[in-house]
file data15.cif (mmCIF, C-alpha atoms)
data_upload
loop_
_atom_site.label_atom_id
_atom_site.label_comp_id
_atom_site.auth_asym_id
_atom_site.auth_seq_id
_atom_site.Cartn_x
_atom_site.Cartn_y
_atom_site.Cartn_z
CA MET H 667 95.91 104.22 88.42
CA ALA H 668 94.45 100.74 87.94
CA ALA H 669 91.71 99.69 90.30
CA PRO H 670 92.99 97.65 93.27
CA THR H 671 92.50 93.90 93.11
CA VAL H 672 90.72 92.53 96.17
CA ASP H 673 90.27 88.86 97.03
CA LEU H 674 87.88 88.08 99.85
CA VAL H 675 87.80 84.72 101.64
CA ALA H 676 84.31 83.94 102.99
CA THR H 677 82.78 80.84 104.55
CA GLY H 678 79.66 80.53 102.41
CA PRO H 679 77.91 81.62 99.19
CA PRO H 680 76.02 84.92 98.88
CA PRO H 681 73.14 84.54 101.36
CA PHE H 682 69.48 85.25 100.74
CA ASP H 683 68.98 86.06 104.42
CA PRO H 684 70.49 89.41 105.51
CA TYR H 685 70.88 88.00 109.04
CA ASP H 686 73.08 85.14 107.79
CA PRO H 687 76.57 85.34 109.38
CA ASP H 688 78.11 85.31 105.89
CA SER H 689 76.22 88.47 104.94
CA ALA H 690 78.95 90.63 106.52
CA ALA H 691 81.68 89.30 104.22
CA TRP H 692 79.52 89.69 101.11
CA ALA H 693 78.52 93.20 102.20
CA LEU H 694 82.22 94.09 102.27
CA ALA H 695 82.65 92.57 98.79
CA ARG H 696 79.77 94.71 97.49
CA ALA H 697 81.32 97.83 99.04
CA PHE H 698 84.76 97.13 97.54
CA ALA H 699 83.17 96.66 94.11
CA ALA H 700 81.08 99.82 94.47
CA ARG H 701 84.22 101.91 94.86
CA GLY H 702 85.65 100.40 91.65
CA ASP H 703 87.87 97.59 92.92
CA ARG H 704 88.24 94.27 91.09
CA VAL H 705 86.67 91.87 93.59
CA ASN H 706 86.64 88.07 93.73
CA VAL H 707 85.13 86.11 96.62
CA LEU H 708 86.31 82.59 97.45
CA TYR H 709 84.13 80.28 99.52
CA PRO H 710 83.64 76.53 100.14
CA ALA H 711 81.70 74.76 97.40
CA GLY H 712 78.35 73.46 98.56
CA PRO H 713 74.77 74.75 98.63
CA THR H 714 73.85 77.36 96.04
CA GLY H 715 73.32 80.87 97.34
CA ASP H 716 72.02 84.13 95.96
CA ALA H 717 73.58 85.92 92.99
CA PRO H 718 76.95 87.59 93.74
CA PRO H 719 76.80 91.36 94.30
CA PRO H 720 77.13 93.52 91.17
CA GLY H 721 80.73 94.01 90.10
CA THR H 722 82.04 90.92 91.90
CA THR H 723 82.97 87.41 90.84
CA ALA H 724 82.56 84.32 93.00
CA THR H 725 84.80 81.26 93.12
CA PRO H 726 83.55 78.16 94.99
CA ILE H 727 86.38 75.92 96.16
CA ALA H 728 85.88 72.18 96.53
CA VAL H 729 87.67 70.79 99.57
CA PRO H 730 87.48 67.07 100.49
CA LEU H 731 86.10 66.72 104.00
CA ARG H 732 88.06 64.33 106.18
CA ARG H 733 86.01 65.02 109.32
CA PRO H 734 82.69 66.59 108.27
CA GLY H 735 81.45 69.09 110.82
CA ALA H 736 84.75 69.34 112.71
CA LEU H 737 86.09 72.82 113.40
CA ILE H 738 89.53 71.97 112.04
CA GLU H 739 88.12 71.28 108.55
CA ALA H 740 88.16 75.07 108.10
CA ALA H 741 91.96 74.95 107.96
CA ASP H 742 91.85 72.77 104.82
CA PHE H 743 89.63 75.35 103.13
CA ALA H 744 91.96 78.17 104.19
CA ALA H 745 94.94 76.43 102.57
CA ALA H 746 92.98 75.77 99.37
CA ALA H 747 91.77 79.38 99.26
CA GLY H 748 95.34 80.60 99.71
CA ARG H 749 96.42 78.60 96.66
CA THR H 750 93.54 80.07 94.62
CA LEU H 751 94.20 83.75 95.34
CA ARG H 752 94.92 85.81 92.24
CA PRO H 753 98.63 86.50 91.72
CA ASP H 754 97.97 90.24 91.37
CA ALA H 755 95.78 90.55 94.48
CA GLU H 756 96.77 93.67 96.40
CA ILE H 757 94.34 93.24 99.31
CA VAL H 758 93.07 90.00 100.80
CA VAL H 759 90.24 90.07 103.34
CA ARG H 760 89.38 87.04 105.40
CA ASP H 761 86.01 87.09 107.11
CA PRO H 762 85.88 85.45 109.56
CA SER H 763 89.51 84.89 110.55
CA GLY H 764 88.88 81.16 111.01
CA LEU H 765 91.48 78.43 111.45
CA GLY H 766 94.76 77.81 109.68
CA PRO H 767 96.81 80.19 107.53
CA LEU H 768 96.22 81.04 103.90
CA GLY H 769 99.91 80.39 103.32
CA LEU H 770 100.80 83.71 101.68
CA GLY H 771 104.30 83.88 100.18
CA ARG H 772 107.08 86.40 100.56
CA ASP H 773 105.68 88.94 98.06
CA ARG H 774 102.39 88.80 99.79
CA PRO H 775 99.38 91.11 99.48
CA TYR H 776 98.05 93.08 102.42
CA LEU H 777 95.93 90.74 104.56
CA ALA H 778 93.13 91.88 106.86
CA SER H 779 91.10 89.42 108.93
CA PHE H 780 87.84 90.01 110.76
CA VAL H 781 87.65 88.29 114.13
CA ARG H 782 84.01 87.51 114.94
CA SER H 783 84.63 85.01 117.76
CA ILE H 784 87.30 82.86 119.38
CA ALA H 785 87.23 79.33 117.92
CA LEU H 786 88.99 77.89 120.97
CA HIS H 787 86.23 79.19 123.24
CA GLU H 788 83.57 77.81 120.91
CA PHE H 789 85.29 74.42 121.01
CA ASP H 790 85.41 74.49 124.81
CA ALA H 791 81.73 75.39 125.02
CA GLU H 792 80.74 72.64 122.58
CA ARG H 793 82.83 69.96 124.32
CA GLY H 794 81.70 71.11 127.75
CA ALA H 795 78.08 70.46 126.78
CA ARG H 796 78.84 66.82 125.86
CA PRO H 797 79.25 63.96 128.33
CA VAL H 798 82.75 62.44 128.55
CA ALA H 799 82.74 58.79 127.45
CA GLY H 800 85.91 57.47 129.02
CA PHE H 801 89.65 57.92 128.73
CA ALA H 802 89.80 57.66 124.92
CA ASP H 803 87.23 60.43 124.58
CA ARG H 804 89.25 62.69 126.88
CA VAL H 805 92.40 62.06 124.85
CA ASP H 806 90.56 62.84 121.60
CA ALA H 807 89.18 66.04 123.11
CA TRP H 808 92.67 67.09 124.25
CA ARG H 809 94.13 66.44 120.79
CA ASP H 810 91.31 68.30 119.05
CA ARG H 811 91.63 71.26 121.40
CA ARG H 812 95.36 71.43 120.84
CA ALA H 813 94.78 71.37 117.06
CA VAL H 814 92.17 74.14 117.25
CA ARG H 815 94.47 76.31 119.36
CA ARG H 816 97.43 75.78 117.01
CA LEU H 817 95.42 76.45 113.86
CA GLU H 818 93.70 79.50 115.31
CA ARG H 819 97.05 80.92 116.38
CA MET H 820 98.39 80.44 112.84
CA ALA H 821 95.32 82.18 111.38
CA LEU H 822 95.74 85.11 113.77
CA GLU H 823 99.48 85.53 113.31
CA GLU H 824 99.32 85.81 109.51
CA PRO H 825 97.30 89.04 108.91
CA ASP H 826 98.68 92.56 108.85
CA ALA H 827 95.61 93.72 110.77
CA LEU H 828 92.88 92.07 112.82
CA PHE H 829 89.53 93.84 112.85
CA CYS H 830 87.50 93.14 116.01
CA ASP H 831 83.81 94.08 116.04
CA ARG H 832 83.25 93.52 119.75
CA PRO H 833 85.18 95.47 122.41
CA GLU H 834 86.09 92.36 124.44
CA LEU H 835 87.67 90.51 121.51
CA GLY H 836 90.84 92.59 121.48
CA SER H 837 91.67 91.92 125.11
CA THR H 838 90.83 88.24 124.66
CA LEU H 839 93.20 87.93 121.70
CA ALA H 840 95.98 89.64 123.64
CA ARG H 841 95.44 87.38 126.66
CA GLU H 842 94.87 84.08 124.85
CA TYR H 843 97.32 84.42 121.96
CA GLY H 844 99.60 87.33 122.82
CA ILE H 845 98.45 89.43 119.85
CA ALA H 846 100.18 92.82 119.84
CA GLU H 847 97.88 95.80 120.33
CA GLY H 848 99.27 97.50 117.20
CA ARG H 849 97.72 94.83 114.96
CA LEU H 850 94.23 95.18 116.42
CA ARG H 851 91.66 97.42 114.75
CA PRO H 852 88.42 98.08 116.63
CA THR H 853 85.47 98.26 114.26
CA VAL H 854 81.73 97.68 114.08
CA PRO H 855 79.98 94.86 112.20
CA PRO H 856 79.35 95.70 108.53
CA VAL H 857 75.58 95.56 108.11
CA PRO H 858 74.39 94.87 104.55
CA LEU H 859 72.12 97.30 102.75
CA LEU H 860 68.55 96.13 102.21
CA PRO H 861 66.75 96.61 98.87
CA ALA H 862 65.17 100.00 98.35
CA ILE H 863 61.39 100.25 98.81
CA ALA H 864 59.65 103.02 96.88
CA SER H 865 57.57 104.42 99.73
CA ARG H 866 55.94 103.69 103.06
CA GLU H 867 52.57 103.64 101.35
CA GLU H 868 53.76 100.93 98.97
CA ALA H 869 55.20 98.87 101.81
CA ARG H 870 52.00 99.12 103.84
CA ALA H 871 49.88 98.22 100.85
CA ALA H 872 51.92 95.03 100.42
CA PHE H 873 50.90 94.03 103.97
CA GLY H 874 47.29 95.17 103.58
CA ILE H 875 47.76 97.97 106.13
CA PRO H 876 46.04 101.38 105.81
CA PRO H 877 48.43 104.32 105.32
CA ASP H 878 47.25 106.29 108.37
CA VAL H 879 47.50 103.88 111.32
CA PRO H 880 50.37 103.31 113.79
CA VAL H 881 52.58 100.36 112.86
CA ALA H 882 55.19 98.46 114.85
CA VAL H 883 57.50 95.85 113.37
CA ALA H 884 59.55 93.02 114.87
CA ALA H 885 62.14 91.24 112.73
CA ALA H 886 63.38 87.78 113.69
CA PRO H 887 67.18 87.45 113.88
CA ASP H 888 66.55 83.69 114.05
CA PRO H 889 64.10 81.72 111.87
CA ARG H 890 62.46 80.44 115.05
CA PRO H 891 60.00 82.77 116.84
CA GLU H 892 61.04 81.75 120.37
CA PRO H 893 64.70 82.91 120.30
CA SER H 894 63.57 86.07 118.52
CA GLY H 895 61.27 86.99 121.41
CA PHE H 896 58.11 87.17 119.32
CA GLU H 897 55.82 86.17 122.18
CA LEU H 898 57.14 89.08 124.26
CA VAL H 899 56.47 91.44 121.35
CA ARG H 900 52.96 90.06 120.91
CA GLU H 901 52.10 90.53 124.57
CA ALA H 902 53.48 94.09 124.61
CA PHE H 903 51.42 94.94 121.53
CA ARG H 904 48.25 93.44 123.03
CA ARG H 905 48.65 95.73 126.05
CA VAL H 906 48.82 98.93 124.00
CA ARG H 907 46.59 98.14 121.02
CA SER H 908 43.37 99.36 122.64
CA PHE H 909 44.89 102.83 123.08
CA PHE H 910 45.84 103.18 119.41
CA PRO H 911 42.88 102.52 117.07
CA GLY H 912 43.80 100.54 114.01
CA ALA H 913 47.35 99.85 115.18
CA ARG H 914 49.18 96.97 113.49
CA LEU H 915 52.11 94.75 114.38
CA VAL H 916 54.18 93.25 111.54
CA LEU H 917 56.22 90.13 112.35
CA VAL H 918 58.87 89.32 109.74
CA GLY H 919 61.23 86.38 109.36
CA ALA H 920 59.62 83.57 111.37
CA ALA H 921 56.38 81.60 111.23
CA SER H 922 53.94 82.74 113.90
CA LEU H 923 50.22 82.58 114.57
CA ALA H 924 48.03 85.36 113.24
CA GLU H 925 45.76 87.31 115.57
CA PRO H 926 43.79 90.59 115.38
CA GLY H 927 46.07 93.45 114.38
CA VAL H 928 49.06 91.18 113.69
CA VAL H 929 50.47 90.59 110.20
CA VAL H 930 52.92 87.70 109.83
CA THR H 931 55.45 87.36 107.01
CA PRO H 932 57.71 84.33 107.60
CA SER H 933 59.92 85.05 104.56
CA ARG H 934 63.59 85.73 105.33
CA ALA H 935 64.27 87.42 102.00
CA ALA H 936 65.97 90.79 102.25
CA SER H 937 63.02 92.39 100.45
CA ALA H 938 60.59 91.14 103.14
CA PHE H 939 62.65 92.68 105.94
CA ALA H 940 63.02 95.90 103.95
CA ALA H 941 59.26 96.20 103.45
CA GLY H 942 58.60 95.52 107.14
CA PHE H 943 60.90 98.27 108.33
CA VAL H 944 59.78 100.84 105.75
CA ALA H 945 56.13 100.23 106.68
CA ALA H 946 56.69 100.84 110.39
CA ASP H 947 56.85 103.75 112.81
CA VAL H 948 58.53 101.78 115.60
CA ALA H 949 60.66 98.61 115.61
CA LEU H 950 60.91 96.16 118.52
CA PHE H 951 64.00 94.03 119.25
CA THR H 952 63.61 91.45 122.01
CA ARG H 953 66.02 88.62 121.20
CA ARG H 954 66.34 86.10 124.04
CA SER H 955 70.13 85.63 124.03
CA PRO H 956 72.52 88.58 124.45
CA GLY H 957 74.06 89.92 121.27
CA PHE H 958 74.09 92.55 118.56
CA ASP H 959 71.05 92.65 116.28
CA PRO H 960 71.74 94.06 112.78
CA GLY H 961 68.01 94.67 112.47
CA VAL H 962 68.43 97.73 114.69
CA VAL H 963 70.62 99.24 111.97
CA PHE H 964 68.10 98.21 109.29
CA ALA H 965 65.42 100.06 111.25
CA MET H 966 67.57 103.16 111.74
CA ARG H 967 68.36 103.37 108.03
CA ALA H 968 64.63 103.20 107.28
CA GLY H 969 63.95 106.09 109.65
CA VAL H 970 62.20 103.89 112.22
CA ALA H 971 62.61 104.43 115.96
CA PRO H 972 64.00 101.27 117.64
CA ILE H 973 63.04 99.87 121.04
CA VAL H 974 65.56 97.36 122.39
CA ALA H 975 65.38 94.87 125.23
CA PRO H 976 68.35 94.60 127.64
CA SER H 977 69.57 91.53 125.72
CA VAL H 978 70.45 93.64 122.66
CA THR H 979 74.08 94.76 122.83
CA PHE H 980 76.09 97.22 120.74
CA PRO H 981 79.79 97.52 119.90
CA VAL H 982 79.50 101.24 120.70
CA ASP H 983 76.94 103.03 122.84
CA PRO H 984 73.96 104.19 120.72
CA GLY H 985 72.86 106.65 123.40
CA PRO H 986 69.51 108.29 122.62
CA ALA H 987 69.42 106.73 119.13
CA VAL H 988 67.41 103.88 120.69
CA ARG H 989 64.77 103.59 123.39
CA ARG H 990 65.65 100.96 125.95
CA ALA H 991 63.06 98.86 127.75
CA VAL H 992 64.18 98.69 131.38
CA SER H 993 63.64 94.91 131.42
CA ASP H 994 62.43 92.08 129.21
CA ASP H 995 59.04 92.18 130.92
CA ALA H 996 56.14 92.70 128.53
CA GLY H 997 54.90 95.62 130.61
CA ASP H 998 58.17 97.51 130.26
CA VAL H 999 58.32 96.87 126.52
CA ALA H 1000 54.69 97.99 126.22
CA SER H 1001 55.46 101.23 128.11
CA ALA H 1002 58.27 102.09 125.69
CA LEU H 1003 56.08 101.23 122.71
CA ALA H 1004 53.16 103.35 123.95
CA GLU H 1005 55.47 106.30 124.63
CA LEU H 1006 56.72 106.38 121.04
CA LEU H 1007 53.39 105.68 119.35
CA ALA H 1008 51.77 108.48 121.38
CA ASP H 1009 54.47 111.03 120.55
CA PRO H 1010 55.27 111.28 116.81
CA ALA H 1011 57.70 114.14 117.46
CA LEU H 1012 59.71 111.95 119.85
CA CYS H 1013 59.60 109.17 117.26
CA ARG H 1014 61.08 111.50 114.66
CA GLU H 1015 63.75 112.70 117.08
CA VAL H 1016 64.87 109.15 117.92
CA SER H 1017 64.84 108.09 114.27
CA ALA H 1018 66.94 111.12 113.22
CA ARG H 1019 69.58 110.20 115.79
CA GLY H 1020 69.40 106.61 114.61
CA LYS H 1021 70.26 107.52 111.02
CA ALA H 1022 73.42 109.26 112.18
CA PHE H 1023 74.40 106.32 114.41
CA ALA H 1024 73.77 103.76 111.64
CA ALA H 1025 76.24 105.46 109.27
CA ALA H 1026 79.18 103.77 111.02
CA PHE H 1027 77.80 100.32 110.10
CA ASP H 1028 77.78 101.07 106.36
CA PRO H 1029 80.12 98.52 104.71
CA ALA H 1030 81.54 101.34 102.57
CA ALA H 1031 82.74 103.14 105.70
CA ILE H 1032 84.43 99.98 106.98
CA VAL H 1033 86.05 99.24 103.61
CA ARG H 1034 87.72 102.65 103.70
CA SER H 1035 89.67 101.53 106.78
CA ILE H 1036 91.04 98.37 105.13
CA GLY H 1037 94.27 98.19 103.19
CA PRO H 1038 97.80 99.58 103.12
CA ALA H 1039 98.35 103.30 102.86
CA ARG H 1040 99.42 103.05 99.21
CA VAL H 1041 95.96 101.85 98.15
CA PRO H 1042 93.59 104.80 97.63
CA ALA H 1043 90.28 104.66 99.48
#
call {"tool": "encode", "arguments": {"input": "data15.cif", "output": "structure tokens"}}
result
Amino acid sequence: MAAPTVDLVATGPPPFDPYDPDSAAWALARAFAARGDRVNVLYPAGPTGDAPPPGTTATPIAVPLRRPGALIEAADFAAAAGRTLRPDAEIVVRDPSGLGPLGLGRDRPYLASFVRSIALHEFDAERGARPVAGFADRVDAWRDRRAVRRLERMALEEPDALFCDRPELGSTLAREYGIAEGRLRPTVPPVPLLPAIASREEARAAFGIPPDVPVAVAAAPDPRPEPSGFELVREAFRRVRSFFPGARLVLVGAASLAEPGVVVTPSRAASAFAAGFVAADVALFTRRSPGFDPGVVFAMRAGVAPIVAPSVTFPVDPGPAVRRAVSDDAGDVASALAELLADPALCREVSARGKAFAAAFDPAAIVRSIGPARVPA
């Protein structure tokens, strides 16, 4: 049987940064290709990204922008992508679901869309944060909102299946747009695989860290240190460092001041994050705004025990696969850190559970759930 043909519609080029929102779509493309499918990814032409994953092709699509920056511009790209799909495509994946339909014909391929957020709610939040400048502005806002709602409805009504990676999205889609429950597929976010690092010793040597000292790592989900909670991590580390001779803290992904025992690597390359996690015993996640942090999965895959602040959320309960700080106070984070650094056996126990939990986030596992029954997984 010939390999299935898969076209994937993304919103950007292959990213260098594994935390980039587009990394999920490209991780799916890599997983489709790894199982032998013929994969092409379509995305808006613009800035150059990283090289496409092995076994995939990439097609940038130039779309004239009538209203640069406006949400509804995404619908023009969707229509152009729909016209560019290969005639023999058997599966089309759209990630994220976006605005406007692809315009698939009668003999259409199977279409799966990943819903990451509700565009109408994003529009309301953005407009609500801006001052109203008179009657004309209110009319424009009403027209734009109506257009966003119409185009989002069209994008949601077209797919055969809608994959939702947050539990609340399904109920929101049913309430806001009347989406039937049978078309909803609960899932978890596909988290890309980081480059392989030969050994912990090699990773530590790259940071100038001895092989026999305790190491904690914090990875920035945002290029700025403040939203990533780096100051909280620093303070927690300061409180425990005197109890653990030679201990190091590695901060990856955001510029930050150096201090005794702290190694800073501002690079957001996937290899930098990979080295940080492989070098560590414990990983700290203290993002300021609530949300899922794919770095927790990166840490689990590397066999590192994660400590998460209350702001870190999960699509499914990780249970004892993580250690939870009871608050975002530096003292509570320090207590959790000291507990794990002082008990290597507990560290190993948590990390073993983490590896099992992280398996669900493997893009290959998610790809197996996509497609009509006639297409072999």
call {"tool": "atom_distance", "arguments": {"input": "data15.cif", "atom1": "CA of Ser1017 (chain H)", "atom2": "CA of Val982 (chain H)"}}
result
17.4 Å
call {"tool": "axis_aligned_box", "arguments": {"input": "data15.cif", "around": "region 1005-1018 of chain H", "padding_each_side": "8 Å", "output": "JSON"}}
result
{"center_x": 59.4, "center_y": 109.9, "center_z": 118.9, "size_x": 31.2, "size_y": 24.5, "size_z": 27.4}
call {"tool": "resolve_selection", "arguments": {"input": "data15.cif", "expression": "the PyMOL selection byres ((chain H and resi 866-881) around 6)", "output": "PyMOL selection string"}}
result
chain H and resi 865+882+912-915+941+944-947
call {"tool": "resolve_selection", "arguments": {"input": "data15.cif", "expression": "the PyMOL selection byres ((chain H and resi 729) around 8)", "output": "PyMOL selection string"}}
result
chain H and resi 710-711+727-728+730-731+742-743+746
call {"tool": "resolve_selection", "arguments": {"input": "data15.cif", "expression": "the PyMOL selection byres ((chain H and resi 671-688) around 7)", "output": "PyMOL selection string"}}
result
chain H and resi 669-670+689-692+695+703-710+714-718+751+754-762+858+887+934-936
call {"tool": "residues_around", "arguments": {"input": "data15.cif", "residues": "Gly771 (chain H)", "least_positions_apart": "4", "cutoff": "12 Å", "atoms": "all atoms listed in the file", "output": "list in words"}}
result
Gly748, Arg749, Leu751, Pro753, Pro767, Pro775, Tyr776, Leu777 and Glu824 of chain H
call {"tool": "atom_distance", "arguments": {"input": "data15.cif", "atom1": "CA of Ala991 (chain H)", "atom2": "CA of Pro932 (chain H)"}}
result
25.4 Å
call {"tool": "closest_residue", "arguments": {"input": "data15.cif", "among": "H:Asp959, H:Glu897, H:Asp826, H:Glu847", "to": "Ile1036 (chain H)", "atoms": "all atoms listed in the file"}}
result
H:Asp826
call {"tool": "closest_residue", "arguments": {"input": "data15.cif", "among": "H:Val918, H:Pro981, H:Glu739, H:Glu892", "to": "Glu834 (chain H)", "atoms": "all atoms listed in the file"}}
result
H:Pro981
call {"tool": "closest_residue", "arguments": {"input": "data15.cif", "among": "H:Ala1024, H:Ala938, H:Ile973, H:Ala745", "to": "Ala1000 (chain H)", "atoms": "only C-alpha atoms"}}
result
H:Ile973
call {"tool": "closest_residue", "arguments": {"input": "data15.cif", "among": "H:Ala741, H:Leu828, H:Ala884, H:Ala924", "to": "Val962 (chain H)", "atoms": "all atoms listed in the file"}}
result
H:Ala884
call {"tool": "build_atoms", "arguments": {"input": "data15.cif", "residues": "region 1023-1037 of chain H", "atoms": "N, CA and C atoms", "output": "compact mmCIF listing (two decimals), in the frame of the given file"}}
result
# COMPACT_ATOMS: atom_id res chain seq x y z
N PHE H 1023 73.68 107.42 113.77
CA PHE H 1023 74.40 106.32 114.41
C PHE H 1023 74.65 105.18 113.43
N ALA H 1024 73.67 104.89 112.56
CA ALA H 1024 73.77 103.76 111.64
C ALA H 1024 74.84 103.96 110.58
N ALA H 1025 75.26 105.20 110.34
CA ALA H 1025 76.24 105.46 109.27
C ALA H 1025 77.54 104.70 109.48
N ALA H 1026 77.92 104.48 110.74
CA ALA H 1026 79.18 103.77 111.02
C ALA H 1026 79.14 102.32 110.57
N PHE H 1027 77.95 101.74 110.46
CA PHE H 1027 77.80 100.32 110.10
C PHE H 1027 77.72 100.11 108.58
N ASP H 1028 77.80 101.18 107.82
CA ASP H 1028 77.78 101.07 106.36
C ASP H 1028 79.05 100.33 105.91
N PRO H 1029 78.92 99.24 105.16
CA PRO H 1029 80.12 98.52 104.71
C PRO H 1029 81.12 99.41 103.98
N ALA H 1030 80.63 100.44 103.28
CA ALA H 1030 81.54 101.34 102.57
C ALA H 1030 82.45 102.08 103.54
N ALA H 1031 81.92 102.46 104.71
CA ALA H 1031 82.74 103.14 105.70
C ALA H 1031 83.81 102.22 106.26
N ILE H 1032 83.47 100.94 106.44
CA ILE H 1032 84.43 99.98 106.98
C ILE H 1032 85.49 99.65 105.95
N VAL H 1033 85.09 99.53 104.68
CA VAL H 1033 86.05 99.24 103.61
C VAL H 1033 87.12 100.32 103.52
N ARG H 1034 86.74 101.56 103.79
CA ARG H 1034 87.72 102.65 103.70
C ARG H 1034 88.85 102.50 104.72
N SER H 1035 88.63 101.71 105.76
CA SER H 1035 89.67 101.53 106.78
C SER H 1035 90.55 100.32 106.52
N ILE H 1036 90.31 99.60 105.43
CA ILE H 1036 91.04 98.37 105.13
C ILE H 1036 92.07 98.62 104.03
N GLY H 1037 93.27 98.15 104.25
CA GLY H 1037 94.27 98.19 103.19
C GLY H 1037 95.48 99.01 103.56
